[in-house]
$ cat model_5.cif   # mmCIF, C-alpha atoms
data_run
loop_
_atom_site.group_PDB
_atom_site.id
_atom_site.type_symbol
_atom_site.label_atom_id
_atom_site.label_comp_id
_atom_site.auth_asym_id
_atom_site.auth_seq_id
_atom_site.Cartn_x
_atom_site.Cartn_y
_atom_site.Cartn_z
ATOM 1 C CA MET E 246 0.000 0.000 0.000
ATOM 2 C CA ARG E 247 1.476 3.336 -1.098
ATOM 3 C CA LEU E 248 0.981 6.464 1.029
ATOM 4 C CA LEU E 249 1.346 10.106 0.018
ATOM 5 C CA LEU E 250 1.897 12.420 3.007
ATOM 6 C CA LEU E 251 1.512 16.187 2.849
ATOM 7 C CA SER E 252 0.652 19.114 5.055
ATOM 8 C CA ASP E 253 0.500 22.892 5.172
ATOM 9 C CA THR E 254 -0.586 23.526 1.597
ATOM 10 C CA HIS E 255 -1.887 27.013 2.484
ATOM 11 C CA LEU E 256 -3.631 27.546 -0.860
ATOM 12 C CA PRO E 257 -4.091 30.105 -2.297
ATOM 13 C CA ARG E 258 -2.042 32.165 0.175
ATOM 14 C CA ARG E 259 1.385 30.520 -0.237
ATOM 15 C CA ALA E 260 0.863 29.253 -3.778
ATOM 16 C CA LYS E 261 -1.936 29.357 -6.342
ATOM 17 C CA VAL E 262 -1.936 25.590 -7.053
ATOM 18 C CA LEU E 263 -0.337 22.399 -5.805
ATOM 19 C CA PRO E 264 2.954 21.571 -7.552
ATOM 20 C CA PRO E 265 2.539 19.299 -10.620
ATOM 21 C CA GLN E 266 5.009 16.728 -9.219
ATOM 22 C CA LEU E 267 2.840 16.356 -6.115
ATOM 23 C CA LEU E 268 -0.391 16.143 -8.118
ATOM 24 C CA ASP E 269 1.186 13.386 -10.241
ATOM 25 C CA GLU E 270 1.675 11.352 -7.047
ATOM 26 C CA VAL E 271 -2.000 11.476 -6.015
ATOM 27 C CA PRO E 272 -3.357 8.764 -8.372
ATOM 28 C CA ARG E 273 -0.354 6.519 -7.590
ATOM 29 C CA ALA E 274 -1.173 6.536 -3.873
ATOM 30 C CA ASP E 275 -3.590 4.134 -2.237
ATOM 31 C CA VAL E 276 -4.003 6.656 0.591
ATOM 32 C CA VAL E 277 -3.347 10.408 0.626
ATOM 33 C CA VAL E 278 -2.771 11.884 4.093
ATOM 34 C CA HIS E 279 -3.032 15.647 4.676
ATOM 35 C CA ALA E 280 -2.051 16.950 8.123
ATOM 36 C CA GLY E 281 -3.907 20.266 8.018
ATOM 37 C CA ASP E 282 -3.609 23.914 7.070
ATOM 38 C CA TRP E 283 -5.371 23.487 3.761
ATOM 39 C CA VAL E 284 -6.717 27.071 4.030
ATOM 40 C CA ASP E 285 -9.137 26.643 1.090
ATOM 41 C CA THR E 286 -11.861 24.080 0.542
ATOM 42 C CA ALA E 287 -10.925 23.780 -3.154
ATOM 43 C CA THR E 288 -7.791 21.809 -2.219
ATOM 44 C CA LEU E 289 -9.867 19.426 -0.101
ATOM 45 C CA ASP E 290 -12.352 19.029 -2.961
ATOM 46 C CA LEU E 291 -9.518 18.382 -5.438
ATOM 47 C CA LEU E 292 -7.866 15.696 -3.306
ATOM 48 C CA GLU E 293 -11.204 14.067 -2.464
ATOM 49 C CA ALA E 294 -11.948 13.822 -6.192
ATOM 50 C CA ARG E 295 -8.521 12.480 -7.210
ATOM 51 C CA ALA E 296 -7.415 10.316 -4.283
ATOM 52 C CA GLN E 297 -8.426 6.677 -3.917
ATOM 53 C CA ARG E 298 -8.690 7.377 -0.179
ATOM 54 C CA LEU E 299 -8.075 10.632 1.688
ATOM 55 C CA ILE E 300 -7.362 10.997 5.394
ATOM 56 C CA GLY E 301 -7.154 14.591 6.549
ATOM 57 C CA VAL E 302 -7.442 16.893 9.535
ATOM 58 C CA TYR E 303 -7.882 20.611 9.971
ATOM 59 C CA GLY E 304 -5.097 22.930 11.103
ATOM 60 C CA ASN E 305 -4.896 26.207 12.964
ATOM 61 C CA ASN E 306 -5.251 28.238 9.729
ATOM 62 C CA ASP E 307 -8.362 26.377 8.574
ATOM 63 C CA GLY E 308 -11.674 28.159 8.910
ATOM 64 C CA PRO E 309 -15.193 26.990 9.778
ATOM 65 C CA GLU E 310 -15.910 25.342 6.398
ATOM 66 C CA LEU E 311 -12.895 23.032 6.657
ATOM 67 C CA ARG E 312 -13.469 22.398 10.371
ATOM 68 C CA ALA E 313 -17.026 21.311 9.559
ATOM 69 C CA ARG E 314 -15.705 18.717 7.080
ATOM 70 C CA LEU E 315 -12.538 17.476 8.825
ATOM 71 C CA PRO E 316 -11.667 16.222 12.305
ATOM 72 C CA GLU E 317 -8.945 17.654 14.533
ATOM 73 C CA VAL E 318 -7.426 14.166 14.875
ATOM 74 C CA ALA E 319 -7.914 11.256 12.465
ATOM 75 C CA HIS E 320 -7.251 7.559 13.039
ATOM 76 C CA ALA E 321 -7.081 4.712 10.531
ATOM 77 C CA GLU E 322 -5.791 1.171 10.388
ATOM 78 C CA LEU E 323 -3.895 0.521 7.166
ATOM 79 C CA GLU E 324 -3.073 -3.155 6.663
ATOM 80 C CA GLY E 325 -2.280 -3.524 10.358
ATOM 81 C CA VAL E 326 -0.527 -0.166 10.816
ATOM 82 C CA ARG E 327 -2.340 2.072 13.297
ATOM 83 C CA LEU E 328 -2.078 5.579 11.821
ATOM 84 C CA GLY E 329 -2.967 8.887 13.398
ATOM 85 C CA VAL E 330 -3.004 12.367 11.881
ATOM 86 C CA VAL E 331 -2.952 15.684 13.743
ATOM 87 C CA HIS E 332 -1.837 19.157 12.765
ATOM 88 C CA GLU E 333 0.025 20.412 15.828
ATOM 89 C CA THR E 334 2.282 18.547 18.243
ATOM 90 C CA GLY E 335 3.904 21.503 20.002
ATOM 91 C CA ALA E 336 7.563 22.436 20.246
ATOM 92 C CA ALA E 337 10.255 20.145 18.873
ATOM 93 C CA LYS E 338 11.773 19.798 22.347
ATOM 94 C CA GLY E 339 9.899 17.012 24.125
ATOM 95 C CA ARG E 340 7.822 16.109 21.047
ATOM 96 C CA GLU E 341 8.565 12.377 21.172
ATOM 97 C CA ARG E 342 7.593 12.067 24.847
ATOM 98 C CA ARG E 343 4.408 14.149 24.459
ATOM 99 C CA CYS E 344 3.249 12.248 21.378
ATOM 100 C CA ALA E 345 4.006 8.828 22.881
ATOM 101 C CA GLU E 346 1.915 9.779 25.923
ATOM 102 C CA ARG E 347 -0.935 11.314 23.907
ATOM 103 C CA PHE E 348 -1.107 8.542 21.289
ATOM 104 C CA PRO E 349 -0.229 5.275 23.084
ATOM 105 C CA ASP E 350 -2.182 3.107 20.626
ATOM 106 C CA LEU E 351 -0.601 4.348 17.379
ATOM 107 C CA ASP E 352 2.247 3.016 15.274
ATOM 108 C CA VAL E 353 2.597 6.145 13.109
ATOM 109 C CA LEU E 354 1.645 9.779 13.683
ATOM 110 C CA VAL E 355 1.661 12.205 10.754
ATOM 111 C CA PHE E 356 1.683 15.867 11.750
ATOM 112 C CA GLY E 357 2.323 19.294 10.285
ATOM 113 C CA HIS E 358 2.308 22.917 11.420
ATOM 114 C CA SER E 359 6.047 23.680 11.466
ATOM 115 C CA HIS E 360 6.671 23.166 7.717
ATOM 116 C CA ILE E 361 9.861 21.400 8.845
ATOM 117 C CA PRO E 362 10.291 17.762 7.760
ATOM 118 C CA TRP E 363 10.581 15.375 10.699
ATOM 119 C CA ASP E 364 11.163 11.640 10.999
ATOM 120 C CA SER E 365 11.803 10.132 14.422
ATOM 121 C CA VAL E 366 10.713 7.315 16.693
ATOM 122 C CA ALA E 367 9.180 7.969 20.100
ATOM 123 C CA ASP E 368 9.339 5.506 22.973
ATOM 124 C CA GLY E 369 10.870 2.873 20.676
ATOM 125 C CA ARG E 370 7.553 2.342 18.890
ATOM 126 C CA LEU E 371 5.761 5.470 17.573
ATOM 127 C CA ARG E 372 7.050 6.781 14.219
ATOM 128 C CA LEU E 373 6.587 10.545 13.961
ATOM 129 C CA LEU E 374 6.474 12.013 10.445
ATOM 130 C CA ASN E 375 6.102 15.591 9.276
ATOM 131 C CA PRO E 376 6.219 15.881 5.472
ATOM 132 C CA GLY E 377 6.976 19.624 5.549
ATOM 133 C CA SER E 378 5.087 21.803 3.075
ATOM 134 C CA PRO E 379 4.855 21.475 -0.707
ATOM 135 C CA THR E 380 4.120 25.205 -1.089
ATOM 136 C CA ASP E 381 5.800 27.141 1.756
ATOM 137 C CA ARG E 382 9.337 26.148 2.676
ATOM 138 C CA ARG E 383 9.709 28.803 5.394
ATOM 139 C CA ARG E 384 13.277 28.416 6.686
ATOM 140 C CA GLN E 385 13.871 25.159 4.828
ATOM 141 C CA PRO E 386 15.907 24.889 1.618
ATOM 142 C CA TYR E 387 13.089 23.096 -0.254
ATOM 143 C CA CYS E 388 9.352 22.585 -0.305
ATOM 144 C CA THR E 389 8.683 18.914 0.476
ATOM 145 C CA TYR E 390 6.269 16.001 0.811
ATOM 146 C CA MET E 391 6.705 12.327 1.756
ATOM 147 C CA THR E 392 5.807 8.921 0.390
ATOM 148 C CA ALA E 393 5.828 5.632 2.279
ATOM 149 C CA GLU E 394 4.769 2.013 1.912
ATOM 150 C CA VAL E 395 2.795 -0.229 4.233
ATOM 151 C CA ARG E 396 3.837 -3.865 3.881
ATOM 152 C CA ALA E 397 3.122 -6.817 6.151
ATOM 153 C CA GLY E 398 1.845 -4.590 8.940
ATOM 154 C CA ARG E 399 4.893 -2.281 8.891
ATOM 155 C CA LEU E 400 5.638 1.171 7.579
ATOM 156 C CA THR E 401 8.538 1.011 5.125
ATOM 157 C CA ALA E 402 10.237 3.017 2.389
ATOM 158 C CA VAL E 403 9.609 6.420 3.949
ATOM 159 C CA GLU E 404 11.023 8.989 1.546
ATOM 160 C CA LEU E 405 11.189 12.767 1.724
ATOM 161 C CA HIS E 406 10.757 14.373 -1.702
ATOM 162 C CA ARG E 407 12.166 17.809 -2.509
ATOM 163 C CA LEU E 408 10.209 19.931 -4.946
ATOM 164 C CA PRO E 409 11.912 22.160 -7.493
ATOM 165 C CA PRO E 410 11.634 25.897 -6.879
ATOM 166 C CA ALA E 411 8.407 27.415 -8.158
ATOM 167 C CA GLN E 412 8.716 28.553 -11.734
ATOM 168 C CA ARG E 413 7.864 32.189 -12.200
ATOM 169 C CA PRO E 414 6.744 33.362 -15.633
ATOM 170 C CA SER E 415 9.634 34.993 -17.454
ATOM 171 C CA ARG E 416 9.286 38.586 -18.527
ATOM 172 C CA PRO E 417 9.411 39.282 -22.216
ATOM 173 C CA ARG E 418 12.574 41.046 -23.238
ATOM 174 C CA THR E 419 12.143 44.469 -24.752
#

$ encode --input "model_5.cif" --output "structure tokens"
Amino acid sequence: MRLLLLSDTHLPRRAKVLPPQLLDEVPRADVVVHAGDWVDTATLDLLEARAQRLIGVYGNNDGPELRARLPEVAHAELEGVRLGVVHETGAAKGRERRCAERFPDLDVLVFGHSHIPWDSVADGRLRLLNPGSPTDRRRQPYCTYMTAEVRAGRLTAVELHRLPPAQRPSRPRT
């Protein structure tokens, strides 16, 4: 089972559209996971229409329309892997301990908010993944997203993908 993990799309504030490379991944994924801060409902509608299965949550920048359609925390079992999704997990310092205590029954927690990619293991069991942002790199060198595989009840092949810089239309020379 192939997973596509993304967060913090912030459309149309940080970008007008999702990057083509990311959109090309959507039909290849069995499950698309979005960890909040969509900002517009059009992105939710787009992913719902294109994804085989979508698991998403709302973030702190998501308004009433998105909050009415999405939970704050989502849970799913994917071929034996207990997955959770939440937008915010607090400061980096102490994150593993806090998440292990808050989510004792999960194998994997996908989160967002910081726009900073993260991959760690809490308490020797809980895999914490933040795919970064495909549209707003903040202090990071690249915009990013993640893919992963679920095989035989385990999360495998977690990969962070860097997106090329946004192409700006060139000005005609005069």

$ resolve_selection --input "model_5.cif" --expression "the PyMOL selection byres ((chain E and resi 312) around 12)" --output "VMD selection string"
chain E and resid 281 to 286 289 301 to 311 313 to 318

$ write_last_selection --input "model_5.cif" --atoms "C-alpha atoms" --output "PDB file, in the frame of the given file"
ATOM      1  CA  GLY E 281      -3.907  20.266   8.018  1.00  0.00           C
ATOM      2  CA  ASP E 282      -3.609  23.914   7.070  1.00  0.00           C
ATOM      3  CA  TRP E 283      -5.371  23.487   3.761  1.00  0.00           C
ATOM      4  CA  VAL E 284      -6.717  27.071   4.030  1.00  0.00           C
ATOM      5  CA  ASP E 285      -9.137  26.643   1.090  1.00  0.00           C
ATOM      6  CA  THR E 286     -11.861  24.080   0.542  1.00  0.00           C
ATOM      7  CA  LEU E 289      -9.867  19.426  -0.101  1.00  0.00           C
ATOM      8  CA  GLY E 301      -7.154  14.591   6.549  1.00  0.00           C
ATOM      9  CA  VAL E 302      -7.442  16.893   9.535  1.00  0.00           C
ATOM     10  CA  TYR E 303      -7.882  20.611   9.971  1.00  0.00           C
ATOM     11  CA  GLY E 304      -5.097  22.930  11.103  1.00  0.00           C
ATOM     12  CA  ASN E 305      -4.896  26.207  12.964  1.00  0.00           C
ATOM     13  CA  ASN E 306      -5.251  28.238   9.729  1.00  0.00           C
ATOM     14  CA  ASP E 307      -8.362  26.377   8.574  1.00  0.00           C
ATOM     15  CA  GLY E 308     -11.674  28.159   8.910  1.00  0.00           C
ATOM     16  CA  PRO E 309     -15.193  26.990   9.778  1.00  0.00           C
ATOM     17  CA  GLU E 310     -15.910  25.342   6.398  1.00  0.00           C
ATOM     18  CA  LEU E 311     -12.895  23.032   6.657  1.00  0.00           C
ATOM     19  CA  ALA E 313     -17.026  21.311   9.559  1.00  0.00           C
ATOM     20  CA  ARG E 314     -15.705  18.717   7.080  1.00  0.00           C
ATOM     21  CA  LEU E 315     -12.538  17.476   8.825  1.00  0.00           C
ATOM     22  CA  PRO E 316     -11.667  16.222  12.305  1.00  0.00           C
ATOM     23  CA  GLU E 317      -8.945  17.654  14.533  1.00  0.00           C
ATOM     24  CA  VAL E 318      -7.426  14.166  14.875  1.00  0.00           C
TER      25      VAL E 318
END

$ resolve_selection --input "model_5.cif" --expression "the PyMOL selection byres ((chain E and resi 355) around 7)" --output "list in words"
Ala280, Gly329, Val330, Val331, Val353, Leu354, Phe356, Leu373, Leu374 and Asn375 of chain E

$ resolve_selection --input "model_5.cif" --expression "the PyMOL selection byres ((chain E and resi 251) around 9)" --output "MDAnalysis selection string"
chainID E and resid 249:250 252:254 277:281 355:357 375:379 389:392

$ write_last_selection --input "model_5.cif" --atoms "C-alpha atoms" --output "compact mmCIF listing (two decimals), keeping the file's coordinate frame"
# COMPACT_ATOMS: atom_id res chain seq x y z
CA LEU E 249 1.35 10.11 0.02
CA LEU E 250 1.90 12.42 3.01
CA SER E 252 0.65 19.11 5.06
CA ASP E 253 0.50 22.89 5.17
CA THR E 254 -0.59 23.53 1.60
CA VAL E 277 -3.35 10.41 0.63
CA VAL E 278 -2.77 11.88 4.09
CA HIS E 279 -3.03 15.65 4.68
CA ALA E 280 -2.05 16.95 8.12
CA GLY E 281 -3.91 20.27 8.02
CA VAL E 355 1.66 12.20 10.75
CA PHE E 356 1.68 15.87 11.75
CA GLY E 357 2.32 19.29 10.28
CA ASN E 375 6.10 15.59 9.28
CA PRO E 376 6.22 15.88 5.47
CA GLY E 377 6.98 19.62 5.55
CA SER E 378 5.09 21.80 3.08
CA PRO E 379 4.86 21.48 -0.71
CA THR E 389 8.68 18.91 0.48
CA TYR E 390 6.27 16.00 0.81
CA MET E 391 6.70 12.33 1.76
CA THR E 392 5.81 8.92 0.39

$ closest_residue --input "model_5.cif" --among "E:Thr380, E:Arg343, E:Leu263, E:Ala336" --to "Ser359 in chain E" --atoms "only C-alpha atoms"
E:Ala336

$ atom_distance --input "model_5.cif" --atom1 "CA of Leu291 in chain E" --atom2 "CA of Asp352 in chain E"
28.3 Å

$ atom_distance --input "model_5.cif" --atom1 "CA of Val366 in chain E" --atom2 "CA of Ile300 in chain E"
21.6 Å

$ axis_aligned_box --input "model_5.cif" --around "range 289-308 of chain E" --padding-each-side "5 Å" --output "JSON"
{"center_x": -8.6, "center_y": 17.5, "center_z": 2.9, "size_x": 17.5, "size_y": 31.6, "size_z": 30.2}

$ residues_around --input "model_5.cif" --residues "Ala296 in chain E" --least-positions-apart "2" --cutoff "10 Å" --atoms "all atoms listed in the file" --output "VMD selection string"
chain E and resid 249 268 270 to 278 291 to 294 298 to 300

$ atom_distance --input "model_5.cif" --atom1 "CA of Arg407 in chain E" --atom2 "CA of Gly369 in chain E"
27.6 Å

$ closest_residue --input "model_5.cif" --among "E:Leu323, E:Tyr387, E:Leu408, E:Leu328" --to "Gln266 in chain E" --atoms "only C-alpha atoms"
E:Leu408

$ closest_residue --input "model_5.cif" --among "E:Arg295, E:His332, E:Arg247, E:Arg259" --to "Cys388 in chain E" --atoms "only C-alpha atoms"
E:Arg259

$ closest_residue --input "model_5.cif" --among "E:Arg342, E:His320, E:Arg382, E:Arg347" --to "Pro362 in chain E" --atoms "only C-alpha atoms"
E:Arg382

$ residues_around --input "model_5.cif" --residues "Arg370 in chain E" --least-positions-apart "3" --cutoff "12 Å" --atoms "only C-alpha atoms" --output "number ranges by chain"
E: 326-327, 341-342, 344-346, 348-354, 365-367, 373, 399-400
